[in-house]
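Asker: Before we start, here is the structure in question, set down as structure tokens.
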Amino acid sequence: YSYKTLFFLFKYMFLCYNGCTKIKLNKGADMLEFFIAKKHIFEKKKQSLIGILGITIGITVLMVSIGIANGLDKNMISSILSMGSHVSVPDIEREDNYKNLAEKLEKIDGVKGVIPKVSTQGIIKYTGIYGTHVSGVKVDGLDFEKAEKGLELKNKIVYGEMNSKKKNTILIGKELFNQLGAEIGDKITLVSPENQELPLVIGGVFESGYYDYDVNMVIIPLATAQYLLYLDENDVTSLEVTLFNPYKAEEVADKIFNKYGFLSRTWGDQNRNLLSALALEKTVMIVVFSLIVVIAGFVVWVIMNMLVREKIKDIGIMRAMGFPKKTIMRIFLFEGMALGGIGIIIGTVLSLSILWYVENFSISGITNIYYLTKIPVELSLKEIITIIFVNIIIIFHIP
């Protein structure tokens, strides 16, 4: 140790010898421990920087990856639900009038809208500038007025309009519209599973944000779908219930069954495989990137271990002068916490800065590949606190 360090050591012993109060003793001991810890850190600048850098990288990688993963998951779920319901009530043939049941369902707390629906498969035929185009599509016959309330369908129309008074209109997805090379007002033929051909007019183009919908789905008025499938005006295949909070779908489904005896399927049931895959992917990602934090903690442990070995003689001198083991342990504890704390602060600030940049400035290559206008980001305060808390625990146990 330098003469300055020995001066502080003797000063501490002098205070103890002269019977200072307990408060002053504790304050003097803490200051001495901080001074020695600070001296150790600045003596080993390269090792200290490596430890801080390791923690910073671990925090940054974990926060950024979780933030982007959460954003992509939320964006995918929102895209799937953009043209779909949160609770679907199928098999309502035993209901004499679906409108009565729809009115009852609309009174349930949390329900945004109830949309009568006739769903089927079909084939579209179109002859345009690219020649004749024939492809299979999913056909949804919707009550346009109900769809506007429940799905806010008008907000998704990018070209043309949604006119509920025109029974011969058809809405197609933007990707399909581009493939056809069509124009608003062009005629298109829809073929039903019963091989009935129905001439329609392209009235509007919707963009849901979900590629499968935009390329494989068409929407026609409910009455037109009933006519196409030879159904009575009171016949629908299902009632589609939309909610203000999609995550209360299970609760609403239980109410529908308990009150009216109808079994229903939530959006979670309909997309169970996809949601399971997303959960597994996120879990694996967190486990893998958490290893970086563990490795960073191991680096700090190695640095602290080397420091302890180098200071064995100094520790022996301090023990001979009467320093308790707890005081010496606190010195190295302060060093580990200082390195880890600085790394956590820098890593958190850097992570939030990167996420802000990613969210506000789109990366063209990635957004084109994944059918996104910008990369979504979602990182809650709870997740930030959890990541910081776990890192503090790891660092706290290093010394």
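All residue names refer to the structure tokens as shown: chains lettered A, B, ... in order, residues numbered from 1 in each chain, ligands numbered from 1 in order.
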Contacts of A:Gly58 at 7 Å or less, counting only C-alpha atoms, minus same-chain residues fewer than 6 places along, as a list in words?

Answerer: Ile292, Val293 and Ala296 of chain A

Asker: Taking only C-alpha atoms into account, which of A:Lys187, A:His86, A:Lys38, A:Arg309 comes nearest A:Gly268?

Answerer: A:His86

Asker: What's around stretch 97-99 of chain A at 12 Å? Count only C-alpha atoms, leave out sequence neighbours fewer than 5 positions away in its own chain, and write the answer as a PyMOL selection string.

Answerer: chain A and resi 89-92+104-106+114-117+143+146+232-240

Asker: So, counting only C-alpha atoms, which residue among A:Glu335, A:Glu378, A:Asp314, A:Glu207 is closest to A:Leu355?

Answerer: A:Glu378

Asker: Write down as a ChimeraX atom specification the residues of stretch 53-275 of chain A whose backbone DSSP state falls under alpha helix (DSSP H).

Answerer: /A:53-82,98-106,144-151,174-180,211-216,222-228,249-260,267-270,272-275

Asker: Set the distance at 12 Å and use only C-alpha atoms: which residues neighbour stretch 279-285 of chain A once local chain neighbours fewer than 2 positions away are removed? I'd like the list as a PDB file with N, CA and C atoms, in the first residue's frame.

Answerer:
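Below is the file that was written, part_23.pdb:
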```pdb
ATOM      1  N   VAL A  61     -27.786  -6.895 -24.597  1.00  0.00           N
ATOM      2  CA  VAL A  61     -28.284  -7.981 -25.458  1.00  0.00           C
ATOM      3  C   VAL A  61     -29.604  -8.518 -24.940  1.00  0.00           C
ATOM      4  N   LEU A  62     -29.713  -8.711 -23.627  1.00  0.00           N
ATOM      5  CA  LEU A  62     -30.938  -9.285 -23.056  1.00  0.00           C
ATOM      6  C   LEU A  62     -32.115  -8.330 -23.197  1.00  0.00           C
ATOM      7  N   MET A  63     -31.922  -7.054 -22.865  1.00  0.00           N
ATOM      8  CA  MET A  63     -33.031  -6.096 -22.943  1.00  0.00           C
ATOM      9  C   MET A  63     -33.478  -5.865 -24.383  1.00  0.00           C
ATOM     10  N   VAL A  64     -32.528  -5.682 -25.284  1.00  0.00           N
ATOM     11  CA  VAL A  64     -32.876  -5.414 -26.679  1.00  0.00           C
ATOM     12  C   VAL A  64     -33.582  -6.613 -27.296  1.00  0.00           C
ATOM     13  N   SER A  65     -33.080  -7.813 -27.034  1.00  0.00           N
ATOM     14  CA  SER A  65     -33.699  -9.010 -27.622  1.00  0.00           C
ATOM     15  C   SER A  65     -35.109  -9.226 -27.081  1.00  0.00           C
ATOM     16  N   ILE A  66     -35.312  -9.029 -25.782  1.00  0.00           N
ATOM     17  CA  ILE A  66     -36.648  -9.196 -25.202  1.00  0.00           C
ATOM     18  C   ILE A  66     -37.592  -8.114 -25.724  1.00  0.00           C
ATOM     19  N   GLY A  67     -37.110  -6.879 -25.827  1.00  0.00           N
ATOM     20  CA  GLY A  67     -37.949  -5.789 -26.317  1.00  0.00           C
ATOM     21  C   GLY A  67     -38.423  -6.023 -27.742  1.00  0.00           C
ATOM     22  N   ILE A  68     -37.511  -6.456 -28.621  1.00  0.00           N
ATOM     23  CA  ILE A  68     -37.889  -6.701 -30.012  1.00  0.00           C
ATOM     24  C   ILE A  68     -38.762  -7.943 -30.123  1.00  0.00           C
ATOM     25  N   ALA A  69     -38.441  -8.999 -29.357  1.00  0.00           N
ATOM     26  CA  ALA A  69     -39.254 -10.225 -29.386  1.00  0.00           C
ATOM     27  C   ALA A  69     -40.680  -9.943 -28.920  1.00  0.00           C
ATOM     28  N   ASN A  70     -40.826  -9.183 -27.843  1.00  0.00           N
ATOM     29  CA  ASN A  70     -42.163  -8.820 -27.369  1.00  0.00           C
ATOM     30  C   ASN A  70     -42.923  -8.020 -28.419  1.00  0.00           C
ATOM     31  N   GLY A  71     -42.218  -7.086 -29.061  1.00  0.00           N
ATOM     32  CA  GLY A  71     -42.864  -6.264 -30.081  1.00  0.00           C
ATOM     33  C   GLY A  71     -43.329  -7.077 -31.275  1.00  0.00           C
ATOM     34  N   LEU A  72     -42.479  -8.008 -31.737  1.00  0.00           N
ATOM     35  CA  LEU A  72     -42.855  -8.843 -32.874  1.00  0.00           C
ATOM     36  C   LEU A  72     -44.028  -9.757 -32.527  1.00  0.00           C
ATOM     37  N   ASP A  73     -44.007 -10.328 -31.310  1.00  0.00           N
ATOM     38  CA  ASP A  73     -45.110 -11.193 -30.883  1.00  0.00           C
ATOM     39  C   ASP A  73     -46.417 -10.404 -30.818  1.00  0.00           C
ATOM     40  N   LYS A  74     -46.362  -9.228 -30.214  1.00  0.00           N
ATOM     41  CA  LYS A  74     -47.571  -8.407 -30.097  1.00  0.00           C
ATOM     42  C   LYS A  74     -48.065  -7.976 -31.469  1.00  0.00           C
ATOM     43  N   ARG A 272     -53.601 -21.836 -31.197  1.00  0.00           N
ATOM     44  CA  ARG A 272     -52.842 -22.444 -30.096  1.00  0.00           C
ATOM     45  C   ARG A 272     -51.432 -22.845 -30.526  1.00  0.00           C
ATOM     46  N   ASN A 273     -51.314 -23.462 -31.686  1.00  0.00           N
ATOM     47  CA  ASN A 273     -49.992 -23.913 -32.151  1.00  0.00           C
ATOM     48  C   ASN A 273     -49.040 -22.733 -32.366  1.00  0.00           C
ATOM     49  N   LEU A 274     -49.564 -21.667 -32.956  1.00  0.00           N
ATOM     50  CA  LEU A 274     -48.735 -20.493 -33.199  1.00  0.00           C
ATOM     51  C   LEU A 274     -48.290 -19.855 -31.890  1.00  0.00           C
ATOM     52  N   LEU A 275     -49.212 -19.709 -30.936  1.00  0.00           N
ATOM     53  CA  LEU A 275     -48.873 -19.093 -29.659  1.00  0.00           C
ATOM     54  C   LEU A 275     -47.886 -19.948 -28.878  1.00  0.00           C
ATOM     55  N   SER A 276     -48.029 -21.271 -28.955  1.00  0.00           N
ATOM     56  CA  SER A 276     -47.082 -22.172 -28.285  1.00  0.00           C
ATOM     57  C   SER A 276     -45.696 -22.041 -28.896  1.00  0.00           C
ATOM     58  N   ALA A 277     -45.650 -21.933 -30.221  1.00  0.00           N
ATOM     59  CA  ALA A 277     -44.369 -21.772 -30.903  1.00  0.00           C
ATOM     60  C   ALA A 277     -43.702 -20.449 -30.509  1.00  0.00           C
ATOM     61  N   VAL A 287     -33.229 -17.844 -22.440  1.00  0.00           N
ATOM     62  CA  VAL A 287     -32.243 -18.743 -21.817  1.00  0.00           C
ATOM     63  C   VAL A 287     -30.876 -18.562 -22.461  1.00  0.00           C
ATOM     64  N   VAL A 288     -30.848 -18.522 -23.796  1.00  0.00           N
ATOM     65  CA  VAL A 288     -29.571 -18.399 -24.514  1.00  0.00           C
ATOM     66  C   VAL A 288     -28.896 -17.064 -24.200  1.00  0.00           C
ATOM     67  N   PHE A 289     -29.656 -15.969 -24.272  1.00  0.00           N
ATOM     68  CA  PHE A 289     -29.049 -14.665 -24.031  1.00  0.00           C
ATOM     69  C   PHE A 289     -28.731 -14.435 -22.556  1.00  0.00           C
ATOM     70  N   SER A 290     -29.423 -15.155 -21.669  1.00  0.00           N
ATOM     71  CA  SER A 290     -29.092 -15.057 -20.247  1.00  0.00           C
ATOM     72  C   SER A 290     -27.715 -15.628 -19.956  1.00  0.00           C
ATOM     73  N   LEU A 291     -27.278 -16.559 -20.794  1.00  0.00           N
ATOM     74  CA  LEU A 291     -25.938 -17.113 -20.618  1.00  0.00           C
ATOM     75  C   LEU A 291     -24.873 -16.034 -20.769  1.00  0.00           C
ATOM     76  N   ILE A 292     -25.162 -15.022 -21.600  1.00  0.00           N
ATOM     77  CA  ILE A 292     -24.210 -13.918 -21.755  1.00  0.00           C
ATOM     78  C   ILE A 292     -24.055 -13.169 -20.435  1.00  0.00           C
TER      79      ILE A 292
END
```

Asker: What lies within 9 Å of A:Ile387 using only C-alpha atoms, ignoring chain neighbours under 3 positions off, as a PDB file with all heavy atoms, in the first residue's frame?

Answerer:
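Output below, filename result-v2.pdb:
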```
ATOM      1  N   ILE A  59     -26.444  -7.013 -20.307  1.00  0.00           N
ATOM      2  CA  ILE A  59     -27.693  -6.277 -20.087  1.00  0.00           C
ATOM      3  C   ILE A  59     -28.275  -5.810 -21.424  1.00  0.00           C
ATOM      4  O   ILE A  59     -29.480  -5.948 -21.696  1.00  0.00           O
ATOM      5  CB  ILE A  59     -27.430  -5.060 -19.187  1.00  0.00           C
ATOM      6  CG1 ILE A  59     -27.192  -5.494 -17.741  1.00  0.00           C
ATOM      7  CG2 ILE A  59     -28.592  -4.075 -19.248  1.00  0.00           C
ATOM      8  CD1 ILE A  59     -28.419  -5.824 -16.958  1.00  0.00           C
ATOM      9  N   LEU A  62     -29.713  -8.711 -23.627  1.00  0.00           N
ATOM     10  CA  LEU A  62     -30.938  -9.285 -23.056  1.00  0.00           C
ATOM     11  C   LEU A  62     -32.115  -8.330 -23.197  1.00  0.00           C
ATOM     12  O   LEU A  62     -33.209  -8.729 -23.624  1.00  0.00           O
ATOM     13  CB  LEU A  62     -30.693  -9.633 -21.591  1.00  0.00           C
ATOM     14  CG  LEU A  62     -31.724 -10.544 -20.915  1.00  0.00           C
ATOM     15  CD1 LEU A  62     -31.878 -11.852 -21.671  1.00  0.00           C
ATOM     16  CD2 LEU A  62     -31.341 -10.814 -19.467  1.00  0.00           C
ATOM     17  N   MET A  63     -31.922  -7.054 -22.865  1.00  0.00           N
ATOM     18  CA  MET A  63     -33.031  -6.096 -22.943  1.00  0.00           C
ATOM     19  C   MET A  63     -33.478  -5.865 -24.383  1.00  0.00           C
ATOM     20  O   MET A  63     -34.681  -5.840 -24.674  1.00  0.00           O
ATOM     21  CB  MET A  63     -32.615  -4.769 -22.311  1.00  0.00           C
ATOM     22  CG  MET A  63     -32.685  -4.738 -20.807  1.00  0.00           C
ATOM     23  SD  MET A  63     -32.588  -3.045 -20.190  1.00  0.00           S
ATOM     24  CE  MET A  63     -32.652  -3.354 -18.404  1.00  0.00           C
ATOM     25  N   LYS A 382     -41.760  -3.655 -15.700  1.00  0.00           N
ATOM     26  CA  LYS A 382     -41.583  -4.861 -14.887  1.00  0.00           C
ATOM     27  C   LYS A 382     -40.440  -5.717 -15.418  1.00  0.00           C
ATOM     28  O   LYS A 382     -39.637  -6.255 -14.642  1.00  0.00           O
ATOM     29  CB  LYS A 382     -42.896  -5.670 -14.884  1.00  0.00           C
ATOM     30  CG  LYS A 382     -42.833  -6.941 -14.057  1.00  0.00           C
ATOM     31  CD  LYS A 382     -44.161  -7.674 -14.111  1.00  0.00           C
ATOM     32  CE  LYS A 382     -44.101  -8.977 -13.310  1.00  0.00           C
ATOM     33  NZ  LYS A 382     -45.392  -9.711 -13.383  1.00  0.00           N
ATOM     34  N   GLU A 383     -40.340  -5.848 -16.725  1.00  0.00           N
ATOM     35  CA  GLU A 383     -39.261  -6.638 -17.321  1.00  0.00           C
ATOM     36  C   GLU A 383     -37.904  -5.975 -17.106  1.00  0.00           C
ATOM     37  O   GLU A 383     -36.908  -6.650 -16.829  1.00  0.00           O
ATOM     38  CB  GLU A 383     -39.531  -6.836 -18.813  1.00  0.00           C
ATOM     39  CG  GLU A 383     -40.686  -7.775 -19.099  1.00  0.00           C
ATOM     40  CD  GLU A 383     -41.074  -7.808 -20.559  1.00  0.00           C
ATOM     41  OE1 GLU A 383     -40.984  -6.762 -21.224  1.00  0.00           O
ATOM     42  OE2 GLU A 383     -41.478  -8.877 -21.045  1.00  0.00           O
ATOM     43  N   ILE A 384     -37.858  -4.644 -17.208  1.00  0.00           N
ATOM     44  CA  ILE A 384     -36.606  -3.928 -16.970  1.00  0.00           C
ATOM     45  C   ILE A 384     -36.136  -4.137 -15.535  1.00  0.00           C
ATOM     46  O   ILE A 384     -34.965  -4.452 -15.281  1.00  0.00           O
ATOM     47  CB  ILE A 384     -36.783  -2.425 -17.263  1.00  0.00           C
ATOM     48  CG1 ILE A 384     -37.073  -2.205 -18.748  1.00  0.00           C
ATOM     49  CG2 ILE A 384     -35.533  -1.644 -16.858  1.00  0.00           C
ATOM     50  CD1 ILE A 384     -37.390  -0.759 -19.094  1.00  0.00           C
ATOM     51  N   VAL A 390     -32.145  -9.359 -11.314  1.00  0.00           N
ATOM     52  CA  VAL A 390     -31.429 -10.632 -11.484  1.00  0.00           C
ATOM     53  C   VAL A 390     -29.934 -10.394 -11.621  1.00  0.00           C
ATOM     54  O   VAL A 390     -29.114 -11.118 -11.043  1.00  0.00           O
ATOM     55  CB  VAL A 390     -31.984 -11.395 -12.712  1.00  0.00           C
ATOM     56  CG1 VAL A 390     -31.091 -12.592 -13.032  1.00  0.00           C
ATOM     57  CG2 VAL A 390     -33.405 -11.870 -12.459  1.00  0.00           C
ATOM     58  N   ASN A 391     -29.556  -9.358 -12.362  1.00  0.00           N
ATOM     59  CA  ASN A 391     -28.130  -9.044 -12.517  1.00  0.00           C
ATOM     60  C   ASN A 391     -27.513  -8.610 -11.207  1.00  0.00           C
ATOM     61  O   ASN A 391     -26.355  -8.957 -10.907  1.00  0.00           O
ATOM     62  CB  ASN A 391     -27.959  -7.945 -13.570  1.00  0.00           C
ATOM     63  CG  ASN A 391     -27.959  -8.482 -14.977  1.00  0.00           C
ATOM     64  OD1 ASN A 391     -26.928  -8.856 -15.524  1.00  0.00           O
ATOM     65  ND2 ASN A 391     -29.135  -8.539 -15.602  1.00  0.00           N
ATOM     66  N   ILE A 392     -28.250  -7.864 -10.412  1.00  0.00           N
ATOM     67  CA  ILE A 392     -27.737  -7.444  -9.089  1.00  0.00           C
ATOM     68  C   ILE A 392     -27.497  -8.662  -8.206  1.00  0.00           C
ATOM     69  O   ILE A 392     -26.478  -8.746  -7.504  1.00  0.00           O
ATOM     70  CB  ILE A 392     -28.717  -6.461  -8.427  1.00  0.00           C
ATOM     71  CG1 ILE A 392     -28.702  -5.117  -9.153  1.00  0.00           C
ATOM     72  CG2 ILE A 392     -28.360  -6.254  -6.955  1.00  0.00           C
ATOM     73  CD1 ILE A 392     -29.724  -4.130  -8.652  1.00  0.00           C
TER      74      ILE A 392
END
```

Asker: Rounded to one decimal in Å, what is the spacing between atom CA of A:Ile331 and atom CA of A:Gly347?

Answerer: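 Result for atom CA of A:Ile331 versus atom CA of A:Gly347: 24.2 Å, one decimal.
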
Asker: Report as a PyMOL selection string all protein, DNA and RNA residues lying within 12 Å of A:Val241, evaluated on only C-alpha atoms, omitting residues in the same chain fewer than 2 positions from it.

Answerer: chain A and resi 81+83-90+101-117+146-147+149-151+238-239+243-246+248-249+252-253+256+264-267

Asker: Could those residues be written to a file, using C-alpha atoms, as a compact mmCIF listing (two decimals), in the first residue's frame?

Answerer:
```
# COMPACT_ATOMS: atom_id res chain seq x y z
CA LEU A 81 -56.81 -10.30 -34.82
CA MET A 83 -59.59 -9.22 -39.41
CA GLY A 84 -60.62 -11.90 -36.95
CA SER A 85 -62.75 -12.13 -33.85
CA HIS A 86 -61.70 -12.72 -30.27
CA VAL A 87 -64.46 -15.24 -29.55
CA SER A 88 -66.25 -17.29 -32.21
CA VAL A 89 -69.66 -18.85 -31.52
CA PRO A 90 -70.22 -21.54 -34.19
CA LEU A 101 -78.64 -14.12 -29.74
CA ALA A 102 -76.38 -11.36 -31.10
CA GLU A 103 -78.27 -8.75 -29.08
CA LYS A 104 -77.82 -10.84 -25.94
CA LEU A 105 -74.10 -11.27 -26.54
CA GLU A 106 -73.63 -7.53 -27.09
CA LYS A 107 -74.86 -6.90 -23.52
CA ILE A 108 -72.02 -8.92 -21.96
CA ASP A 109 -69.43 -6.73 -20.24
CA GLY A 110 -66.35 -6.12 -22.36
CA VAL A 111 -67.97 -6.95 -25.70
CA LYS A 112 -67.21 -4.45 -28.44
CA GLY A 113 -69.34 -5.93 -31.19
CA VAL A 114 -70.98 -9.09 -32.54
CA ILE A 115 -70.64 -9.80 -36.27
CA PRO A 116 -72.86 -12.34 -38.08
CA LYS A 117 -70.69 -14.32 -40.48
CA LYS A 146 -71.65 -4.77 -37.65
CA ALA A 147 -68.13 -5.27 -39.04
CA LYS A 149 -68.42 -1.48 -35.23
CA GLY A 150 -66.56 -4.63 -34.23
CA LEU A 151 -63.55 -4.67 -36.57
CA SER A 238 -71.11 -18.25 -36.73
CA LEU A 239 -71.31 -15.13 -34.62
CA LEU A 243 -63.76 -7.45 -27.27
CA PHE A 244 -62.21 -4.27 -25.97
CA ASN A 245 -59.57 -6.41 -24.28
CA PRO A 246 -58.62 -9.52 -26.32
CA LYS A 248 -60.36 -11.51 -21.57
CA ALA A 249 -61.56 -13.88 -24.29
CA VAL A 252 -66.25 -13.99 -22.02
CA ALA A 253 -66.36 -17.50 -23.54
CA ILE A 256 -71.48 -17.29 -23.07
CA SER A 264 -67.32 -21.01 -28.28
CA ARG A 265 -63.70 -20.84 -29.37
CA THR A 266 -61.34 -18.05 -28.39
CA TRP A 267 -58.62 -16.63 -30.59
```

Asker: List the neighbours of A:Thr224 out to 7 Å using only C-alpha atoms; skip same-chain residues closer than 4 positions along the sequence, and give me the result as an MDAnalysis selection string.

Answerer: chainID A and resid 167 220 228

Asker: Any chance you could export the current selection's C-alpha atoms as a PDB file, in the first residue's frame?

Answerer:
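File produced: again.pdb:
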```
ATOM      1  CA  LYS A 167     -74.827  -6.349 -52.709  1.00  0.00           C
ATOM      2  CA  ILE A 220     -68.582  -9.909 -49.450  1.00  0.00           C
ATOM      3  CA  LEU A 228     -74.151 -17.874 -52.905  1.00  0.00           C
TER       4      LEU A 228
END
```

Asker: Do you have the atom CA of A:Val134-atom CA of A:Asn216 distance handy?

Answerer: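 Atom-to-atom, atom CA of A:Val134 to atom CA of A:Asn216, that is 11.9 Å.
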
Asker: Rank nothing, just name the residue among A:Ile157, A:Gly340, A:Trp356, A:Ile170 nearest to A:Val299, using only C-alpha atoms.

Answerer: A:Gly340

Asker: Pull the strand (DSSP E) assignments for stretch 87-296 of chain A out of DSSP run on the backbone, and list those residues as a ChimeraX atom specification.

Answerer: /A:87-90,111-128,131-142,157-160,169-173,187-191,197-206,217-221,238-243,265-266

Asker: What is the atom CA of A:Ile344-atom CA of A:Ile312 distance in Å, reported with one decimal?

Answerer: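 Atom CA of A:Ile312 lies 29.2 Å from atom CA of A:Ile344.
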
Asker: Would you mind telling me which residue in A:Ile394, A:Val377, A:Val205, A:Leu142 lies nearest to A:Tyr159 when using only C-alpha atoms?

Answerer: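 For A:Tyr159, the nearest of the candidates is A:Val205.
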